[in-house]
file protein-v9.txt (compact mmCIF, C-alpha atoms)
# COMPACT_ATOMS: atom_id res chain seq x y z
CA MET A 9 20.22 -14.09 30.41
CA THR A 10 20.11 -14.42 26.61
CA ASP A 11 20.74 -11.09 24.90
CA LEU A 12 18.22 -9.67 22.46
CA ARG A 13 20.40 -10.15 19.39
CA THR A 14 20.70 -13.86 20.09
CA ARG A 15 16.97 -14.22 20.65
CA LEU A 16 16.15 -12.40 17.44
CA ARG A 17 18.54 -14.55 15.41
CA ALA A 18 16.70 -17.62 16.73
CA VAL A 19 13.34 -16.42 15.37
CA PRO A 20 12.40 -18.37 12.19
CA THR A 21 12.26 -16.34 8.98
CA LEU A 22 11.01 -17.03 5.46
CA THR A 23 8.53 -19.52 6.84
CA GLY A 24 6.06 -19.23 3.97
CA THR A 25 5.41 -21.74 1.21
CA PRO A 26 5.82 -19.92 -2.13
CA PRO A 27 3.64 -21.05 -5.04
CA ALA A 28 5.13 -21.90 -8.42
CA PHE A 29 6.41 -18.78 -10.16
CA ASP A 30 8.17 -18.52 -13.50
CA PRO A 31 9.27 -14.94 -14.32
CA ALA A 32 9.56 -15.93 -17.99
CA LEU A 33 5.78 -16.42 -18.17
CA THR A 34 4.78 -13.06 -16.73
CA PRO A 35 2.70 -10.39 -18.54
CA GLU A 36 4.21 -7.34 -20.21
CA THR A 37 2.81 -4.94 -17.60
CA PRO A 38 2.89 -5.32 -13.81
CA HIS A 39 -0.78 -4.70 -13.07
CA PRO A 40 -2.18 -8.14 -14.08
CA LEU A 41 0.59 -9.95 -12.22
CA PHE A 42 -0.06 -7.90 -9.10
CA VAL A 43 -3.78 -8.70 -9.23
CA GLU A 44 -2.92 -12.40 -9.66
CA TRP A 45 -0.68 -12.33 -6.59
CA LEU A 46 -3.21 -10.32 -4.57
CA LEU A 47 -6.08 -12.67 -5.38
CA ALA A 48 -3.87 -15.65 -4.55
CA ALA A 49 -3.44 -14.11 -1.10
CA VAL A 50 -7.19 -13.54 -0.85
CA ASP A 51 -7.98 -17.10 -1.93
CA GLN A 52 -5.51 -18.48 0.62
CA GLN A 53 -7.37 -16.46 3.28
CA ILE A 54 -4.24 -14.65 4.33
CA PRO A 55 -5.18 -12.08 7.01
CA GLU A 56 -5.69 -8.58 5.60
CA PRO A 57 -4.14 -9.20 2.18
CA CYS A 58 -4.95 -5.64 1.09
CA ALA A 59 -2.82 -4.10 3.84
CA ALA A 60 0.26 -2.26 2.61
CA THR A 61 2.90 0.10 3.94
CA LEU A 62 2.67 3.52 2.32
CA SER A 63 5.97 5.39 2.43
CA THR A 64 5.98 9.14 1.81
CA VAL A 65 8.49 11.97 2.20
CA ARG A 66 8.05 14.53 4.96
CA ALA A 67 8.71 18.23 4.49
CA ASP A 68 12.04 17.83 6.30
CA GLY A 69 13.10 15.15 3.82
CA ARG A 70 12.73 12.23 6.22
CA PRO A 71 10.84 9.09 5.11
CA ASN A 72 7.48 8.43 6.71
CA GLY A 73 5.64 5.08 6.65
CA ARG A 74 2.36 3.66 7.84
CA VAL A 75 0.09 0.72 7.01
CA LEU A 76 -3.16 1.33 5.15
CA ILE A 77 -5.63 -0.58 2.96
CA LEU A 78 -5.50 -0.83 -0.83
CA LYS A 79 -8.80 0.22 -2.42
CA ASP A 80 -8.29 -0.90 -6.03
CA VAL A 81 -5.70 -1.44 -8.73
CA THR A 82 -6.20 -0.68 -12.42
CA GLU A 83 -3.98 0.03 -15.40
CA ASP A 84 -3.84 3.60 -14.07
CA GLY A 85 -2.38 2.58 -10.74
CA TRP A 86 -2.87 1.57 -7.11
CA GLN A 87 -5.58 3.39 -5.14
CA PHE A 88 -5.83 4.30 -1.46
CA ALA A 89 -7.73 7.01 0.40
CA SER A 90 -7.18 9.45 3.25
CA SER A 91 -7.92 12.98 4.36
CA SER A 92 -5.78 15.50 2.53
CA THR A 93 -5.13 17.17 5.90
CA SER A 94 -3.69 13.98 7.45
CA GLN A 95 0.06 13.54 7.76
CA LYS A 96 0.15 11.39 4.64
CA GLY A 97 -1.97 13.93 2.78
CA GLU A 98 0.37 16.74 3.78
CA ASP A 99 3.40 14.67 2.81
CA LEU A 100 1.92 13.99 -0.64
CA ALA A 101 1.03 17.66 -1.12
CA GLY A 102 4.67 18.55 -0.52
CA SER A 103 6.17 15.67 -2.52
CA PRO A 104 4.06 13.45 -4.81
CA TYR A 105 6.53 10.55 -4.70
CA ALA A 106 5.55 7.48 -2.69
CA ALA A 107 5.93 3.72 -2.39
CA LEU A 108 3.60 0.88 -1.43
CA THR A 109 4.97 -2.35 0.02
CA PHE A 110 2.89 -5.53 0.26
CA TYR A 111 4.11 -8.62 2.14
CA TRP A 112 2.13 -11.87 2.23
CA ILE A 113 4.17 -13.97 4.68
CA PRO A 114 2.43 -17.37 4.22
CA LEU A 115 3.14 -17.15 0.47
CA GLY A 116 6.67 -15.82 0.87
CA ARG A 117 5.81 -12.96 -1.46
CA GLN A 118 6.47 -9.23 -1.45
CA VAL A 119 5.62 -6.50 -3.94
CA ARG A 120 7.16 -3.02 -4.00
CA VAL A 121 5.39 -0.28 -5.99
CA LEU A 122 7.07 3.10 -6.56
CA GLY A 123 5.81 6.15 -8.43
CA THR A 124 3.97 9.44 -8.24
CA VAL A 125 0.63 10.01 -6.54
CA GLU A 126 -2.32 11.93 -7.95
CA ALA A 127 -5.55 12.96 -6.23
CA ALA A 128 -8.86 11.94 -7.79
CA ASP A 129 -11.54 14.48 -8.61
CA PRO A 130 -13.95 15.39 -5.76
CA GLU A 131 -16.81 13.32 -7.18
CA GLU A 132 -14.75 10.11 -7.24
CA SER A 133 -13.40 10.81 -3.77
CA ALA A 134 -16.95 11.39 -2.51
CA ARG A 135 -18.08 8.02 -3.89
CA ASP A 136 -15.23 6.34 -2.05
CA PHE A 137 -16.15 8.11 1.18
CA LEU A 138 -19.82 7.13 0.96
CA ALA A 139 -18.86 3.48 0.44
CA ARG A 140 -17.13 3.41 3.85
CA PRO A 141 -18.84 2.05 7.00
CA VAL A 142 -20.72 4.61 9.08
CA GLY A 143 -18.19 4.45 11.91
CA SER A 144 -15.33 5.13 9.54
CA ARG A 145 -17.17 8.09 8.01
CA ALA A 146 -17.91 9.54 11.44
CA ALA A 147 -14.24 9.26 12.42
CA ALA A 148 -13.14 10.93 9.18
CA LEU A 149 -15.65 13.75 9.65
CA ALA A 150 -14.30 14.34 13.15
CA GLY A 151 -10.94 15.04 11.51
CA ARG A 152 -7.81 16.00 13.45
CA GLN A 153 -5.96 12.82 12.44
CA SER A 154 -2.43 12.80 13.91
CA ALA A 155 -3.13 15.89 16.05
CA VAL A 156 -1.96 15.75 19.66
CA LEU A 157 -4.64 14.20 21.90
CA GLU A 158 -4.95 15.58 25.42
CA ASP A 159 -7.96 13.53 26.57
CA SER A 160 -9.24 10.30 24.97
CA ALA A 161 -12.79 11.33 25.85
CA GLU A 162 -12.50 14.00 23.18
CA VAL A 163 -12.40 11.31 20.49
CA ASP A 164 -15.62 9.64 21.68
CA ALA A 165 -17.39 12.98 21.91
CA ALA A 166 -16.29 14.17 18.49
CA ILE A 167 -17.24 10.91 16.76
CA ALA A 168 -20.62 10.84 18.52
CA VAL A 169 -21.38 14.31 17.17
CA GLN A 170 -20.47 13.27 13.64
CA ALA A 171 -22.50 10.05 13.91
CA GLU A 172 -25.55 12.15 14.73
CA ARG A 173 -24.84 14.34 11.71
CA LEU A 174 -24.68 11.26 9.48
CA THR A 175 -28.01 10.04 10.81
CA ALA A 176 -29.54 13.36 9.76
CA GLU A 177 -27.48 13.69 6.57
CA PRO A 178 -26.49 10.23 5.29
CA GLY A 179 -24.98 11.76 2.14
CA LEU A 180 -22.55 13.96 4.08
CA VAL A 181 -18.97 13.79 2.79
CA ALA A 182 -15.84 14.88 4.62
CA PRO A 183 -14.59 17.90 2.61
CA ASN A 184 -10.94 16.81 2.70
CA TRP A 185 -11.49 13.12 1.92
CA THR A 186 -9.32 12.19 -1.06
CA LEU A 187 -8.91 9.10 -3.19
CA TYR A 188 -5.30 8.83 -4.34
CA THR A 189 -3.79 6.88 -7.22
CA LEU A 190 -0.14 5.83 -7.17
CA ARG A 191 0.94 5.77 -10.81
CA ALA A 192 3.85 3.36 -10.79
CA ASP A 193 7.05 3.66 -12.77
CA GLU A 194 8.72 0.77 -10.93
CA VAL A 195 7.22 -2.45 -9.54
CA GLU A 196 9.21 -5.31 -8.07
CA PHE A 197 7.85 -8.81 -7.43
CA TRP A 198 9.85 -10.75 -4.84
CA GLN A 199 9.40 -14.40 -3.93
CA ALA A 200 11.32 -15.92 -1.04
CA ASP A 201 13.72 -18.81 -1.11
CA PRO A 202 14.94 -20.41 2.16
CA ASP A 203 18.50 -20.44 0.80
CA ARG A 204 18.21 -16.71 0.01
CA ARG A 205 18.17 -17.32 -3.73
CA HIS A 206 15.07 -15.15 -3.94
CA LEU A 207 13.22 -14.70 -7.22
CA ARG A 208 13.08 -11.02 -8.09
CA LEU A 209 11.38 -9.52 -11.12
CA ARG A 210 11.37 -5.77 -11.69
CA TYR A 211 9.22 -3.77 -14.10
CA ARG A 212 10.50 -0.29 -15.06
CA LEU A 213 8.73 2.42 -16.99
CA ASP A 214 11.45 4.87 -17.97
CA ASP A 215 9.24 6.65 -20.49
CA PRO A 216 5.41 6.54 -20.30
CA THR A 217 5.23 6.49 -24.10
CA LEU A 218 7.27 3.25 -24.24
CA PRO A 219 6.52 -0.31 -23.05
CA TRP A 220 7.53 -1.51 -19.60
CA THR A 221 10.98 -3.04 -19.22
CA LYS A 222 11.17 -6.39 -17.40
CA GLU A 223 14.37 -7.56 -15.77
CA ARG A 224 15.48 -10.18 -13.30
CA LEU A 225 17.44 -9.01 -10.27
CA TRP A 226 20.07 -10.75 -8.21
CA PRO A 227 18.69 -12.02 -4.88
call {"tool": "encode", "arguments": {"input": "protein-v9.txt", "output": "structure tokens"}}
result
Amino acid sequence: MTDLRTRLRAVPTLTGTPPAFDPALTPETPHPLFVEWLLAAVDQQIPEPCAATLSTVRADGRPNGRVLILKDVTEDGWQFASSSTSQKGEDLAGSPYAALTFYWIPLGRQVRVLGTVEAADPEESARDFLARPVGSRAAALAGRQSAVLEDSAEVDAAIAVQAERLTAEPGLVAPNWTLYTLRADEVEFWQADPDRRHLRLRYRLDDPTLPWTKERLWP
């Protein structure tokens, strides 16, 4: 019987087809380049191009990651949303440092975004909540994300109650719903090469009063 290590080594990697990319022709800040890469993934109809891994730091110092959906990106930063009482919300309350990792396999492209996270004001968070589908709002209002579940029927019952509340009060907003902005001080753009001569371009912001520094990295 073939051992797992041998089977895994036989799995193809770096199977994407990277588009043309010249680091010398990139903008002076990372935000426009990120949007360009993101929209390229959207235009190529790559499944869930807005999905990203958010990595936070737990209270015990251990890293904690999960996949979520990017809401927007502006010159201020990368936005995502969650309940402040969720595990990610608690992690960010204890340590504001986080990272987002995007990987678009068919394009052979990855982007790593590191920085500090800030919560939006309640009005902006409320607008984000009200833009969500009804089912998503009902689930958020039910709360208890990441709590231990004893009986799956409890989920259906709790969401049904909140769905009824939303029918009666369509403007209801979950009190802990928070829109977060990751304000980056480091962004790396990575494009695959089958011979492992990957193209890597890093932006660093060592001082917010100074321009971004761009630098190529060894593969």
call {"tool": "atom_distance", "arguments": {"input": "protein-v9.txt", "atom1": "CA of Gly85 in chain A", "atom2": "CA of Glu36 in chain A"}}
result
15.2 Å
call {"tool": "atom_distance", "arguments": {"input": "protein-v9.txt", "atom1": "CA of Ala139 in chain A", "atom2": "CA of Ala192 in chain A"}}
result
25.3 Å
call {"tool": "atom_distance", "arguments": {"input": "protein-v9.txt", "atom1": "CA of Leu149 in chain A", "atom2": "CA of Val181 in chain A"}}
result
7.6 Å
call {"tool": "closest_atom_pairs", "arguments": {"input": "protein-v9.txt", "of": "range 119-201 of chain A", "to": "range 205-216 of chain A", "cutoff": "6 Å", "atoms": "only C-alpha atoms", "output": "Markdown table"}}
result
| residue | atom | partner | partner_atom | distance |
| --- | --- | --- | --- | --- |
| A:Asp193 | CA | A:Leu213 | CA | 4.7 |
| A:Glu194 | CA | A:Arg212 | CA | 4.6 |
| A:Val195 | CA | A:Tyr211 | CA | 5.2 |
| A:Glu196 | CA | A:Arg210 | CA | 4.2 |
| A:Phe197 | CA | A:Leu209 | CA | 5.2 |
| A:Trp198 | CA | A:Arg208 | CA | 4.6 |
| A:Gln199 | CA | A:Leu207 | CA | 5.1 |
| A:Ala200 | CA | A:His206 | CA | 4.8 |
| A:Asp201 | CA | A:His206 | CA | 4.8 |
call {"tool": "closest_residue", "arguments": {"input": "protein-v9.txt", "among": "A:Ala161, A:Ala127, A:Ile167, A:Leu218", "to": "Gly97 in chain A", "atoms": "only C-alpha atoms"}}
result
A:Ala127
